[in-house]
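Asker: To start, I am sharing the structure in question, which I have written as structure tokens.
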Amino acid sequence: MDPEETANYITEYFQYLQDNSYGADMPFDLKALWSRYREGSQAIDNLKAAMTVEEIEGKTQTINGKEESVDGYQVQVSKEAFAEFLTATKEFIMADEAFKTDVVEYFDIMANSYKLGGMTMNGEAIPGGEAIWAQLGEAMEQGIDSIGQYVGDIDASVYVTKDGRLASYEATTVIAVPETAAAEDGAAEAEADAGTEAAAEEAGSTAVTLTVKGQYEGGYHMGANSSTEIGISDGVDTVSVVIDRAGTYDKEVYDDSVTVTVLGGESEFSAILRGSYTVADSTYTLNMDLGVDGKTIAALDLAGAVQNLVKGESFDATIDQMKFQIMDEDGMTELSMDMSGRYAVIPLEGGVDMPEGETMDVLAATEEDWNNVAMELFANAVGILTQLQ
């Protein structure tokens, strides 16, 4: 790769980052895709029409801090209707030129950035956007085929408020997981009856029950305080993923926290992300904890302020304190680093200048060249660590 080509890739990469670094809709405008999907596809309407819905006894649930009566419905979706819904959705997505343009551009930029680093995939160049787009279509097709072959009907209990907002739900289905290649053939032959434990056993497969539960307790929006649980069980072992969210916003202070807990056997892994933002002085705090079996193994704490905020264009954030810690089995700190600095997103002015130093062709570099680079990186790392002590 010659220096001019390298400079073009670097300029293109940083310009893309600048254009897509601020705003929730980028680099893929999923909100616009969703809008086009709702207006231009009949997939959701067809799925609703295929559902079997019966009214069941309601219940009482806490919403916005008060006990509220919610209406209940039993919903059943056949695996055929669900597969048709997924097929129609896949066809709409693959035919959406605007979304395709976003995806292809993103992966073209990523492929060029990998090329700059001399990275390959199984000895070949990293595929570009068009190839990734084709692979996406193939992956969705394979996923839909698997659902039609192995996933059963979906049964759900759904509860909604008097004004039609989703309050809670519990959905279950049975998945026939093939244990051998012969079982895959058997599952395919028994496809019409798949989705029951008896059919899975007859086809030589393991029946796995997938359960998804959700409860929404409201706040500044319905999902501000909520809980979602995904459970997978084969009748002997169970693995669960629980996502709890708690948030408040009173137009002065915004607080939010998300806890993800993974439970399997006697083990437990947790990740907790907490954040707060004060409108008056634009200060913020951000905390993240990782834990195993109830003990914190790593923690990151940040505090600072957001300055010069221009919505949709730029911002400048100071980091007054950033502390990173790693703990041992007894909860004692093994490693602790305290840092500070700033982070900014601003418009790119002009192109990107080539850095000083000798140009290195990473594709033609010799072992000696790479050894020299490694030694230089090691020396710089030692220098940084010395400053941290």
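Residue numbers start at 1 in each chain; chains themselves are named A, B, ... in the order of the structure tokens; ligands are numbered from 1 in the order shown.
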Find the residues of region 224-308 of chain A that sit at most 10 Å from region 329-336 of chain A; for each, write down the nearest two atoms and how far apart they are in Å, to one decimal. Count only C-alpha atoms. Sort by chain, then by number going up, and give it as CSV.

Answerer:
residue,atom,partner,partner_atom,distance
A:Val292,CA,A:Glu329,CA,9.4
A:Lys295,CA,A:Gly331,CA,6.9
A:Thr296,CA,A:Gly331,CA,6.8
A:Ile297,CA,A:Gly331,CA,7.3
A:Ala298,CA,A:Thr333,CA,9.1
A:Ala299,CA,A:Ser336,CA,9.5
A:Leu300,CA,A:Ser336,CA,9.9

Asker: Set the distance at 9 Å and use only C-alpha atoms: which residues neighbour region 213-218 of chain A once local chain neighbours fewer than 5 positions away are removed? I'd like the list as number ranges by chain.

Answerer: A: 61-65, 166-172, 223-231

Asker: Those same residues, written as a JSON list (two decimals), in the first residue's frame with N, CA and C atoms?

Answerer:
[["chain", "number", "residue", "atom", "x", "y", "z"],
["A", 61, "GLN", "N", -50.70, -4.98, 39.17],
["A", 61, "GLN", "CA", -49.27, -4.79, 38.97],
["A", 61, "GLN", "C", -48.87, -3.37, 39.36],
["A", 62, "THR", "N", -47.66, -3.22, 39.89],
["A", 62, "THR", "CA", -47.16, -1.90, 40.28],
["A", 62, "THR", "C", -46.70, -1.14, 39.04],
["A", 63, "ILE", "N", -47.31, 0.03, 38.79],
["A", 63, "ILE", "CA", -46.94, 0.89, 37.66],
["A", 63, "ILE", "C", -46.90, 2.32, 38.17],
["A", 64, "ASN", "N", -45.78, 2.98, 37.93],
["A", 64, "ASN", "CA", -45.57, 4.35, 38.41],
["A", 64, "ASN", "C", -45.80, 4.46, 39.92],
["A", 65, "GLY", "N", -45.36, 3.43, 40.65],
["A", 65, "GLY", "CA", -45.43, 3.44, 42.10],
["A", 65, "GLY", "C", -46.79, 3.14, 42.69],
["A", 166, "LEU", "N", -48.12, -2.00, 27.20],
["A", 166, "LEU", "CA", -47.67, -3.32, 27.64],
["A", 166, "LEU", "C", -47.15, -3.23, 29.07],
["A", 167, "ALA", "N", -47.70, -4.08, 29.95],
["A", 167, "ALA", "CA", -47.31, -4.06, 31.36],
["A", 167, "ALA", "C", -46.40, -5.23, 31.72],
["A", 168, "SER", "N", -46.70, -6.41, 31.19],
["A", 168, "SER", "CA", -45.87, -7.59, 31.46],
["A", 168, "SER", "C", -46.24, -8.69, 30.49],
["A", 169, "TYR", "N", -45.36, -9.68, 30.40],
["A", 169, "TYR", "CA", -45.63, -10.81, 29.51],
["A", 169, "TYR", "C", -44.76, -11.99, 29.94],
["A", 170, "GLU", "N", -45.16, -13.18, 29.50],
["A", 170, "GLU", "CA", -44.36, -14.39, 29.66],
["A", 170, "GLU", "C", -44.61, -15.26, 28.45],
["A", 171, "ALA", "N", -43.56, -15.56, 27.69],
["A", 171, "ALA", "CA", -43.69, -16.35, 26.47],
["A", 171, "ALA", "C", -42.80, -17.58, 26.57],
["A", 172, "THR", "N", -43.29, -18.70, 26.05],
["A", 172, "THR", "CA", -42.52, -19.94, 26.06],
["A", 172, "THR", "C", -42.62, -20.64, 24.71],
["A", 223, "GLY", "N", -40.62, 1.86, 30.15],
["A", 223, "GLY", "CA", -39.53, 0.93, 30.37],
["A", 223, "GLY", "C", -38.42, 1.44, 31.25],
["A", 224, "ALA", "N", -38.61, 2.62, 31.88],
["A", 224, "ALA", "CA", -37.55, 3.19, 32.72],
["A", 224, "ALA", "C", -37.23, 2.30, 33.91],
["A", 225, "ASN", "N", -38.24, 1.62, 34.42],
["A", 225, "ASN", "CA", -38.04, 0.67, 35.50],
["A", 225, "ASN", "C", -38.65, -0.65, 35.04],
["A", 226, "SER", "N", -37.81, -1.60, 34.74],
["A", 226, "SER", "CA", -38.29, -2.82, 34.11],
["A", 226, "SER", "C", -37.37, -3.99, 34.44],
["A", 227, "SER", "N", -37.87, -5.18, 34.13],
["A", 227, "SER", "CA", -37.09, -6.40, 34.34],
["A", 227, "SER", "C", -37.39, -7.37, 33.20],
["A", 228, "THR", "N", -36.35, -7.96, 32.64],
["A", 228, "THR", "CA", -36.49, -8.95, 31.58],
["A", 228, "THR", "C", -35.67, -10.18, 31.96],
["A", 229, "GLU", "N", -36.26, -11.35, 31.79],
["A", 229, "GLU", "CA", -35.56, -12.59, 32.11],
["A", 229, "GLU", "C", -35.69, -13.56, 30.95],
["A", 230, "ILE", "N", -34.56, -14.11, 30.54],
["A", 230, "ILE", "CA", -34.52, -15.12, 29.48],
["A", 230, "ILE", "C", -33.98, -16.40, 30.09],
["A", 231, "GLY", "N", -34.76, -17.47, 30.01],
["A", 231, "GLY", "CA", -34.35, -18.74, 30.60],
["A", 231, "GLY", "C", -34.34, -19.87, 29.59]]

Asker: Quick one: pull the distance between CA of Lys48 (chain A) and CA of Ile175 (chain A), Å, one decimal.

Answerer: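 Value for the CA of Lys48 (chain A)-CA of Ile175 (chain A) distance: 22.5 Å.
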
Asker: Between CA of Ala50 (chain A) and CA of Leu86 (chain A), measure the distance and give it in Å to one decimal.

Answerer: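 We find that CA of Ala50 (chain A) and CA of Leu86 (chain A) lie 13.4 Å from each other.
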
Asker: What does the distance from CA of Thr209 (chain A) to CA of Lys90 (chain A) come to in Å, to one decimal?

Answerer: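 The value is 25.5 Å.
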
Asker: Using only C-alpha atoms, can you tell me which of A:Asp108, A:Met51, A:Ala95, A:Met337 comes closest to Phe324 (chain A)?

Answerer: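 Ranking A:Asp108, A:Met51, A:Ala95, A:Met337 by distance to Phe324 (chain A), first place goes to A:Met337.
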